[in-house]
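Below is one structure; the comments refer to it alone.
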Amino acid sequence: MADSVSPPPPGRKRGSGVKMVYDLLRDEILDLKLAPGSPIDEVQLAERFQMSRTPIREALVRLAGEGLIETLPNRSTMVSNIDFLNLGPFFDALVLMYRVTTRLAAQNHRPGDLAAIRLHHEEYAAAVAARDALAMIATNAAFHAAIAEAGRNPYFTSLFRRLLDEGRRILRLYYQSYDEQFPQRFVEEHAELVAAIEARDVERADRLGKAHAEQIVAQVQRLFSRNGGLDIEL
């Protein structure tokens, strides 16, 4: 006789439990609601989400595959620490992707791309005005992902999305460094990127993308240089 499988609760399709747990935990990790080094307990998660441990385990396997959680030798599981000592290669890749995706968007965009980019720009501006750091992180990622899509290179788009996701925890620290007094230049820099893309000014788009990324990197690096380490509470 086959193992009995409980039907999914009303309103949830079979298999959707894994995605729901994965999405929620992933967002909580990336937004630092689950701090680096926090323990992950399957039993507690099963109670929280009111489901069996099987979909919980599957969701954790996906998160581990993305490097967001790790299993220790004693078989306990925790949120992966941020590798602050090896951020150089990440920053190099991030700056390069800001440049190349903005450059290609200026070269290859179509009319519909500009509408999507502008929409995400407006959403980001609204998040800045509301001083909502988490919304800023999400809308910033959507804005730059839309620019990457306009560049018409799916390999760059995939890599940039991964970097933007991996960088969400760093960007959270970056925004915290402003004590929620977010400069208007965040919005102005995005507006300049949109204008360069719309004008198909490839070289200006490249310069702006580089400058935009480098000021983020410089600010994050300043965080680590204060008093010899990071001075922001998680």
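Each chain in the structure tokens gets a letter, A, B and so on, in the order shown; residues start at 1 in every chain, and ligands are counted from 1 in the order they appear.
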Please identify all polymer residues within 12 Å of His190 (chain A), counting only C-alpha atoms, omitting same-chain residues fewer than 2 positions from it, and present them as a PDB file with N, CA, C and O atoms, in the first residue's frame.
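This went into part-v8.pdb:
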ATOM      1  N   TYR A  98      26.736  45.981 -13.340  1.00  0.00           N
ATOM      2  CA  TYR A  98      26.069  47.285 -13.445  1.00  0.00           C
ATOM      3  C   TYR A  98      26.449  47.947 -14.762  1.00  0.00           C
ATOM      4  O   TYR A  98      25.604  48.511 -15.460  1.00  0.00           O
ATOM      5  N   THR A 102      23.740  48.045 -18.091  1.00  0.00           N
ATOM      6  CA  THR A 102      23.268  49.391 -18.441  1.00  0.00           C
ATOM      7  C   THR A 102      23.713  49.746 -19.856  1.00  0.00           C
ATOM      8  O   THR A 102      22.948  50.335 -20.640  1.00  0.00           O
ATOM      9  N   ILE A 117      11.123  49.846 -17.048  1.00  0.00           N
ATOM     10  CA  ILE A 117      12.200  50.473 -16.279  1.00  0.00           C
ATOM     11  C   ILE A 117      11.678  51.697 -15.542  1.00  0.00           C
ATOM     12  O   ILE A 117      11.977  51.901 -14.353  1.00  0.00           O
ATOM     13  N   ARG A 118      10.898  52.517 -16.219  1.00  0.00           N
ATOM     14  CA  ARG A 118      10.351  53.728 -15.582  1.00  0.00           C
ATOM     15  C   ARG A 118       9.418  53.368 -14.422  1.00  0.00           C
ATOM     16  O   ARG A 118       9.414  54.040 -13.396  1.00  0.00           O
ATOM     17  N   LEU A 119       8.619  52.328 -14.608  1.00  0.00           N
ATOM     18  CA  LEU A 119       7.704  51.911 -13.548  1.00  0.00           C
ATOM     19  C   LEU A 119       8.483  51.544 -12.291  1.00  0.00           C
ATOM     20  O   LEU A 119       8.144  51.983 -11.185  1.00  0.00           O
ATOM     21  N   HIS A 120       9.531  50.750 -12.453  1.00  0.00           N
ATOM     22  CA  HIS A 120      10.331  50.351 -11.291  1.00  0.00           C
ATOM     23  C   HIS A 120      11.082  51.547 -10.700  1.00  0.00           C
ATOM     24  O   HIS A 120      11.290  51.612  -9.478  1.00  0.00           O
ATOM     25  N   HIS A 121      11.462  52.486 -11.554  1.00  0.00           N
ATOM     26  CA  HIS A 121      12.105  53.710 -11.060  1.00  0.00           C
ATOM     27  C   HIS A 121      11.136  54.498 -10.169  1.00  0.00           C
ATOM     28  O   HIS A 121      11.520  54.983  -9.092  1.00  0.00           O
ATOM     29  N   GLU A 122       9.895  54.607 -10.599  1.00  0.00           N
ATOM     30  CA  GLU A 122       8.879  55.315  -9.807  1.00  0.00           C
ATOM     31  C   GLU A 122       8.613  54.598  -8.485  1.00  0.00           C
ATOM     32  O   GLU A 122       8.434  55.239  -7.444  1.00  0.00           O
ATOM     33  N   GLU A 123       8.585  53.280  -8.528  1.00  0.00           N
ATOM     34  CA  GLU A 123       8.373  52.510  -7.295  1.00  0.00           C
ATOM     35  C   GLU A 123       9.542  52.705  -6.330  1.00  0.00           C
ATOM     36  O   GLU A 123       9.348  52.812  -5.113  1.00  0.00           O
ATOM     37  N   TYR A 124      10.740  52.765  -6.876  1.00  0.00           N
ATOM     38  CA  TYR A 124      11.918  52.991  -6.030  1.00  0.00           C
ATOM     39  C   TYR A 124      11.858  54.390  -5.414  1.00  0.00           C
ATOM     40  O   TYR A 124      12.134  54.561  -4.219  1.00  0.00           O
ATOM     41  N   ALA A 125      11.500  55.382  -6.212  1.00  0.00           N
ATOM     42  CA  ALA A 125      11.404  56.749  -5.702  1.00  0.00           C
ATOM     43  C   ALA A 125      10.381  56.837  -4.566  1.00  0.00           C
ATOM     44  O   ALA A 125      10.603  57.531  -3.563  1.00  0.00           O
ATOM     45  N   VAL A 128      11.935  55.381  -1.424  1.00  0.00           N
ATOM     46  CA  VAL A 128      12.887  56.322  -0.821  1.00  0.00           C
ATOM     47  C   VAL A 128      12.127  57.395  -0.044  1.00  0.00           C
ATOM     48  O   VAL A 128      12.485  57.739   1.089  1.00  0.00           O
ATOM     49  N   THR A 139      12.712  47.149  -4.797  1.00  0.00           N
ATOM     50  CA  THR A 139      12.468  47.917  -6.020  1.00  0.00           C
ATOM     51  C   THR A 139      13.762  48.242  -6.744  1.00  0.00           C
ATOM     52  O   THR A 139      13.787  48.341  -7.974  1.00  0.00           O
ATOM     53  N   ASN A 140      14.864  48.389  -5.997  1.00  0.00           N
ATOM     54  CA  ASN A 140      16.167  48.598  -6.645  1.00  0.00           C
ATOM     55  C   ASN A 140      16.541  47.369  -7.467  1.00  0.00           C
ATOM     56  O   ASN A 140      16.994  47.490  -8.613  1.00  0.00           O
ATOM     57  N   ALA A 141      16.336  46.181  -6.897  1.00  0.00           N
ATOM     58  CA  ALA A 141      16.642  44.952  -7.629  1.00  0.00           C
ATOM     59  C   ALA A 141      15.765  44.828  -8.871  1.00  0.00           C
ATOM     60  O   ALA A 141      16.246  44.454  -9.947  1.00  0.00           O
ATOM     61  N   PHE A 143      14.385  47.271 -10.564  1.00  0.00           N
ATOM     62  CA  PHE A 143      14.812  48.308 -11.513  1.00  0.00           C
ATOM     63  C   PHE A 143      16.009  47.832 -12.324  1.00  0.00           C
ATOM     64  O   PHE A 143      16.009  47.892 -13.560  1.00  0.00           O
ATOM     65  N   HIS A 144      17.027  47.331 -11.639  1.00  0.00           N
ATOM     66  CA  HIS A 144      18.238  46.918 -12.356  1.00  0.00           C
ATOM     67  C   HIS A 144      18.029  45.615 -13.125  1.00  0.00           C
ATOM     68  O   HIS A 144      18.651  45.415 -14.182  1.00  0.00           O
ATOM     69  N   ILE A 147      16.531  46.663 -16.365  1.00  0.00           N
ATOM     70  CA  ILE A 147      17.583  47.178 -17.248  1.00  0.00           C
ATOM     71  C   ILE A 147      18.339  46.018 -17.887  1.00  0.00           C
ATOM     72  O   ILE A 147      18.624  46.028 -19.094  1.00  0.00           O
ATOM     73  N   GLN A 184      18.447  62.082  -1.722  1.00  0.00           N
ATOM     74  CA  GLN A 184      17.665  62.142  -2.950  1.00  0.00           C
ATOM     75  C   GLN A 184      18.492  61.706  -4.151  1.00  0.00           C
ATOM     76  O   GLN A 184      17.953  61.308  -5.173  1.00  0.00           O
ATOM     77  N   ARG A 185      19.821  61.751  -4.009  1.00  0.00           N
ATOM     78  CA  ARG A 185      20.662  61.357  -5.137  1.00  0.00           C
ATOM     79  C   ARG A 185      20.459  59.911  -5.536  1.00  0.00           C
ATOM     80  O   ARG A 185      20.735  59.538  -6.682  1.00  0.00           O
ATOM     81  N   PHE A 186      19.959  59.063  -4.604  1.00  0.00           N
ATOM     82  CA  PHE A 186      19.630  57.691  -4.992  1.00  0.00           C
ATOM     83  C   PHE A 186      18.663  57.696  -6.174  1.00  0.00           C
ATOM     84  O   PHE A 186      18.844  56.985  -7.155  1.00  0.00           O
ATOM     85  N   VAL A 187      17.632  58.506  -6.053  1.00  0.00           N
ATOM     86  CA  VAL A 187      16.614  58.586  -7.102  1.00  0.00           C
ATOM     87  C   VAL A 187      17.176  59.288  -8.338  1.00  0.00           C
ATOM     88  O   VAL A 187      16.915  58.885  -9.476  1.00  0.00           O
ATOM     89  N   GLU A 188      17.954  60.345  -8.115  1.00  0.00           N
ATOM     90  CA  GLU A 188      18.514  61.108  -9.235  1.00  0.00           C
ATOM     91  C   GLU A 188      19.448  60.258 -10.084  1.00  0.00           C
ATOM     92  O   GLU A 188      19.456  60.363 -11.316  1.00  0.00           O
ATOM     93  N   GLU A 192      19.084  59.408 -14.065  1.00  0.00           N
ATOM     94  CA  GLU A 192      20.142  59.624 -15.059  1.00  0.00           C
ATOM     95  C   GLU A 192      20.395  58.355 -15.870  1.00  0.00           C
ATOM     96  O   GLU A 192      20.632  58.418 -17.088  1.00  0.00           O
ATOM     97  N   LEU A 193      20.340  57.199 -15.206  1.00  0.00           N
ATOM     98  CA  LEU A 193      20.501  55.939 -15.932  1.00  0.00           C
ATOM     99  C   LEU A 193      19.393  55.761 -16.959  1.00  0.00           C
ATOM    100  O   LEU A 193      19.653  55.370 -18.109  1.00  0.00           O
ATOM    101  N   VAL A 194      18.155  56.062 -16.559  1.00  0.00           N
ATOM    102  CA  VAL A 194      17.020  55.923 -17.476  1.00  0.00           C
ATOM    103  C   VAL A 194      17.196  56.837 -18.678  1.00  0.00           C
ATOM    104  O   VAL A 194      16.969  56.436 -19.833  1.00  0.00           O
ATOM    105  N   ALA A 195      17.616  58.074 -18.425  1.00  0.00           N
ATOM    106  CA  ALA A 195      17.789  59.042 -19.515  1.00  0.00           C
ATOM    107  C   ALA A 195      18.872  58.592 -20.489  1.00  0.00           C
ATOM    108  O   ALA A 195      18.702  58.711 -21.720  1.00  0.00           O
ATOM    109  N   ALA A 196      19.972  58.077 -19.986  1.00  0.00           N
ATOM    110  CA  ALA A 196      21.053  57.615 -20.862  1.00  0.00           C
ATOM    111  C   ALA A 196      20.610  56.419 -21.692  1.00  0.00           C
ATOM    112  O   ALA A 196      20.946  56.314 -22.878  1.00  0.00           O
ATOM    113  N   ILE A 197      19.855  55.505 -21.071  1.00  0.00           N
ATOM    114  CA  ILE A 197      19.346  54.342 -21.804  1.00  0.00           C
ATOM    115  C   ILE A 197      18.382  54.784 -22.897  1.00  0.00           C
ATOM    116  O   ILE A 197      18.476  54.341 -24.051  1.00  0.00           O
ATOM    117  N   ALA A 205      25.867  55.677 -20.491  1.00  0.00           N
ATOM    118  CA  ALA A 205      25.225  54.634 -19.690  1.00  0.00           C
ATOM    119  C   ALA A 205      26.278  53.803 -18.955  1.00  0.00           C
ATOM    120  O   ALA A 205      26.125  53.471 -17.777  1.00  0.00           O
ATOM    121  N   LEU A 208      27.796  55.974 -16.100  1.00  0.00           N
ATOM    122  CA  LEU A 208      26.846  56.142 -14.995  1.00  0.00           C
ATOM    123  C   LEU A 208      26.675  54.839 -14.215  1.00  0.00           C
ATOM    124  O   LEU A 208      26.585  54.840 -12.982  1.00  0.00           O
ATOM    125  N   GLY A 209      26.585  53.730 -14.927  1.00  0.00           N
ATOM    126  CA  GLY A 209      26.461  52.438 -14.257  1.00  0.00           C
ATOM    127  C   GLY A 209      27.660  52.157 -13.381  1.00  0.00           C
ATOM    128  O   GLY A 209      27.520  51.672 -12.245  1.00  0.00           O
ATOM    129  N   ALA A 211      29.784  54.422 -12.043  1.00  0.00           N
ATOM    130  CA  ALA A 211      29.806  55.353 -10.913  1.00  0.00           C
ATOM    131  C   ALA A 211      28.763  54.975  -9.871  1.00  0.00           C
ATOM    132  O   ALA A 211      29.018  55.057  -8.655  1.00  0.00           O
ATOM    133  N   HIS A 212      27.595  54.564 -10.330  1.00  0.00           N
ATOM    134  CA  HIS A 212      26.506  54.187  -9.422  1.00  0.00           C
ATOM    135  C   HIS A 212      26.916  52.997  -8.567  1.00  0.00           C
ATOM    136  O   HIS A 212      26.721  52.991  -7.344  1.00  0.00           O
ATOM    137  N   ALA A 213      27.514  51.997  -9.203  1.00  0.00           N
ATOM    138  CA  ALA A 213      27.939  50.801  -8.458  1.00  0.00           C
ATOM    139  C   ALA A 213      29.102  51.114  -7.531  1.00  0.00           C
ATOM    140  O   ALA A 213      29.139  50.644  -6.384  1.00  0.00           O
TER     141      ALA A 213
END
To test your reading of the structure, identify every residue in region 6-189 of chain A that backbone DSSP assigns to strand (DSSP E or B), and report it as a list of chain:residue names.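 So the strand (DSSP E or B) residues in region 6-189 of chain A would be A:Pro39, A:Ile40, A:Ile69, A:Glu70, A:Thr71, A:Thr77, A:Met78, A:Val79.
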Atomic separation - CA of Lys210 (chain A) relative to CA of Leu96 (chain A), Å: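 Separating CA of Leu96 (chain A) from CA of Lys210 (chain A) is a distance of 7.5 Å.
Among the candidates A:Ala142, A:Leu72, A:Ala64, A:Ile82, the residue lying nearest to Glu166 (chain A) is A:Ile82 (atoms considered: only C-alpha atoms).
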Using only C-alpha atoms for the distances, tell me which of A:Ile29, A:Leu94, A:Leu223, A:Ala145 is nearest to Tyr178 (chain A).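 Checking each of A:Ile29, A:Leu94, A:Leu223, A:Ala145 against Tyr178 (chain A), counting only C-alpha atoms, the winner is A:Leu223.
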Counting only C-alpha atoms, what is within 12 Å of Asp132 (chain A), bar same-chain residues fewer than 3 positions away, as number ranges by chain? A: 123-129, 135-140, 172, 175-176, 179-182
Pick the closest to Leu134 (chain A) from A:Leu60, A:Ala199, A:Leu34, A:Leu171: which is it, counting only C-alpha atoms?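 Checking each candidate against Leu134 (chain A), we get A:Leu171 as the closest.
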Pick from A:Arg99, A:Arg53, A:Arg75, A:Arg131 nearest to Phe156 (chain A), counting only C-alpha atoms: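 Closest candidate: A:Arg99.
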To one decimal place in Å, what is the distance between CA of Asp41 (chain A) and CA of Arg168 (chain A)?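 Atom-to-atom, CA of Asp41 (chain A) and CA of Arg168 (chain A) are spaced 23.3 Å apart.
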Under the rule that only C-alpha atoms are counted, which of A:Gln107, A:Asp206, A:Gly67, A:Asp83 is the nearest residue to Arg162 (chain A)?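 Among the listed residues, A:Gly67 lies closest to Arg162 (chain A).
Look at Ser76 (chain A): the protein and nucleic acid residues within 9 Å of it, using only C-alpha atoms and passing over chain neighbours fewer than 6 places away, are A:Pro39, A:Ile40, A:Asp41, A:Glu70.
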Could you save those same residues with all heavy atoms as a PDB file, in the first residue's frame?
ATOM      1  N   PRO A  39      20.087  29.849  14.137  1.00  0.00           N
ATOM      2  CA  PRO A  39      19.787  28.425  13.960  1.00  0.00           C
ATOM      3  C   PRO A  39      18.488  28.223  13.181  1.00  0.00           C
ATOM      4  O   PRO A  39      17.566  29.037  13.275  1.00  0.00           O
ATOM      5  CB  PRO A  39      19.645  27.920  15.399  1.00  0.00           C
ATOM      6  CG  PRO A  39      19.249  29.128  16.189  1.00  0.00           C
ATOM      7  CD  PRO A  39      19.947  30.290  15.543  1.00  0.00           C
ATOM      8  N   ILE A  40      18.430  27.159  12.412  1.00  0.00           N
ATOM      9  CA  ILE A  40      17.242  26.779  11.651  1.00  0.00           C
ATOM     10  C   ILE A  40      16.774  25.431  12.187  1.00  0.00           C
ATOM     11  O   ILE A  40      17.516  24.449  12.131  1.00  0.00           O
ATOM     12  CB  ILE A  40      17.555  26.660  10.144  1.00  0.00           C
ATOM     13  CG1 ILE A  40      18.061  27.995   9.584  1.00  0.00           C
ATOM     14  CG2 ILE A  40      16.326  26.180   9.385  1.00  0.00           C
ATOM     15  CD1 ILE A  40      17.033  29.089   9.548  1.00  0.00           C
ATOM     16  N   ASP A  41      15.562  25.392  12.695  1.00  0.00           N
ATOM     17  CA  ASP A  41      15.036  24.184  13.314  1.00  0.00           C
ATOM     18  C   ASP A  41      13.838  23.679  12.506  1.00  0.00           C
ATOM     19  O   ASP A  41      12.821  24.381  12.395  1.00  0.00           O
ATOM     20  CB  ASP A  41      14.622  24.475  14.760  1.00  0.00           C
ATOM     21  CG  ASP A  41      14.222  23.219  15.506  1.00  0.00           C
ATOM     22  OD1 ASP A  41      13.128  22.691  15.226  1.00  0.00           O
ATOM     23  OD2 ASP A  41      14.993  22.775  16.381  1.00  0.00           O
ATOM     24  N   GLU A  70      23.478  26.588   5.875  1.00  0.00           N
ATOM     25  CA  GLU A  70      24.483  25.542   5.829  1.00  0.00           C
ATOM     26  C   GLU A  70      24.285  24.569   6.982  1.00  0.00           C
ATOM     27  O   GLU A  70      23.764  24.948   8.044  1.00  0.00           O
ATOM     28  CB  GLU A  70      25.883  26.134   5.873  1.00  0.00           C
ATOM     29  CG  GLU A  70      26.157  27.032   7.055  1.00  0.00           C
ATOM     30  CD  GLU A  70      27.518  27.703   6.949  1.00  0.00           C
ATOM     31  OE1 GLU A  70      28.500  27.091   7.408  1.00  0.00           O
ATOM     32  OE2 GLU A  70      27.584  28.826   6.407  1.00  0.00           O
TER      33      GLU A  70
END
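Distance annotation: of A:Arg200, A:Met78, A:Met97, A:Glu28, the residue with the minimal separation from Phe160 (chain A) is A:Met97; atom set is only C-alpha atoms.
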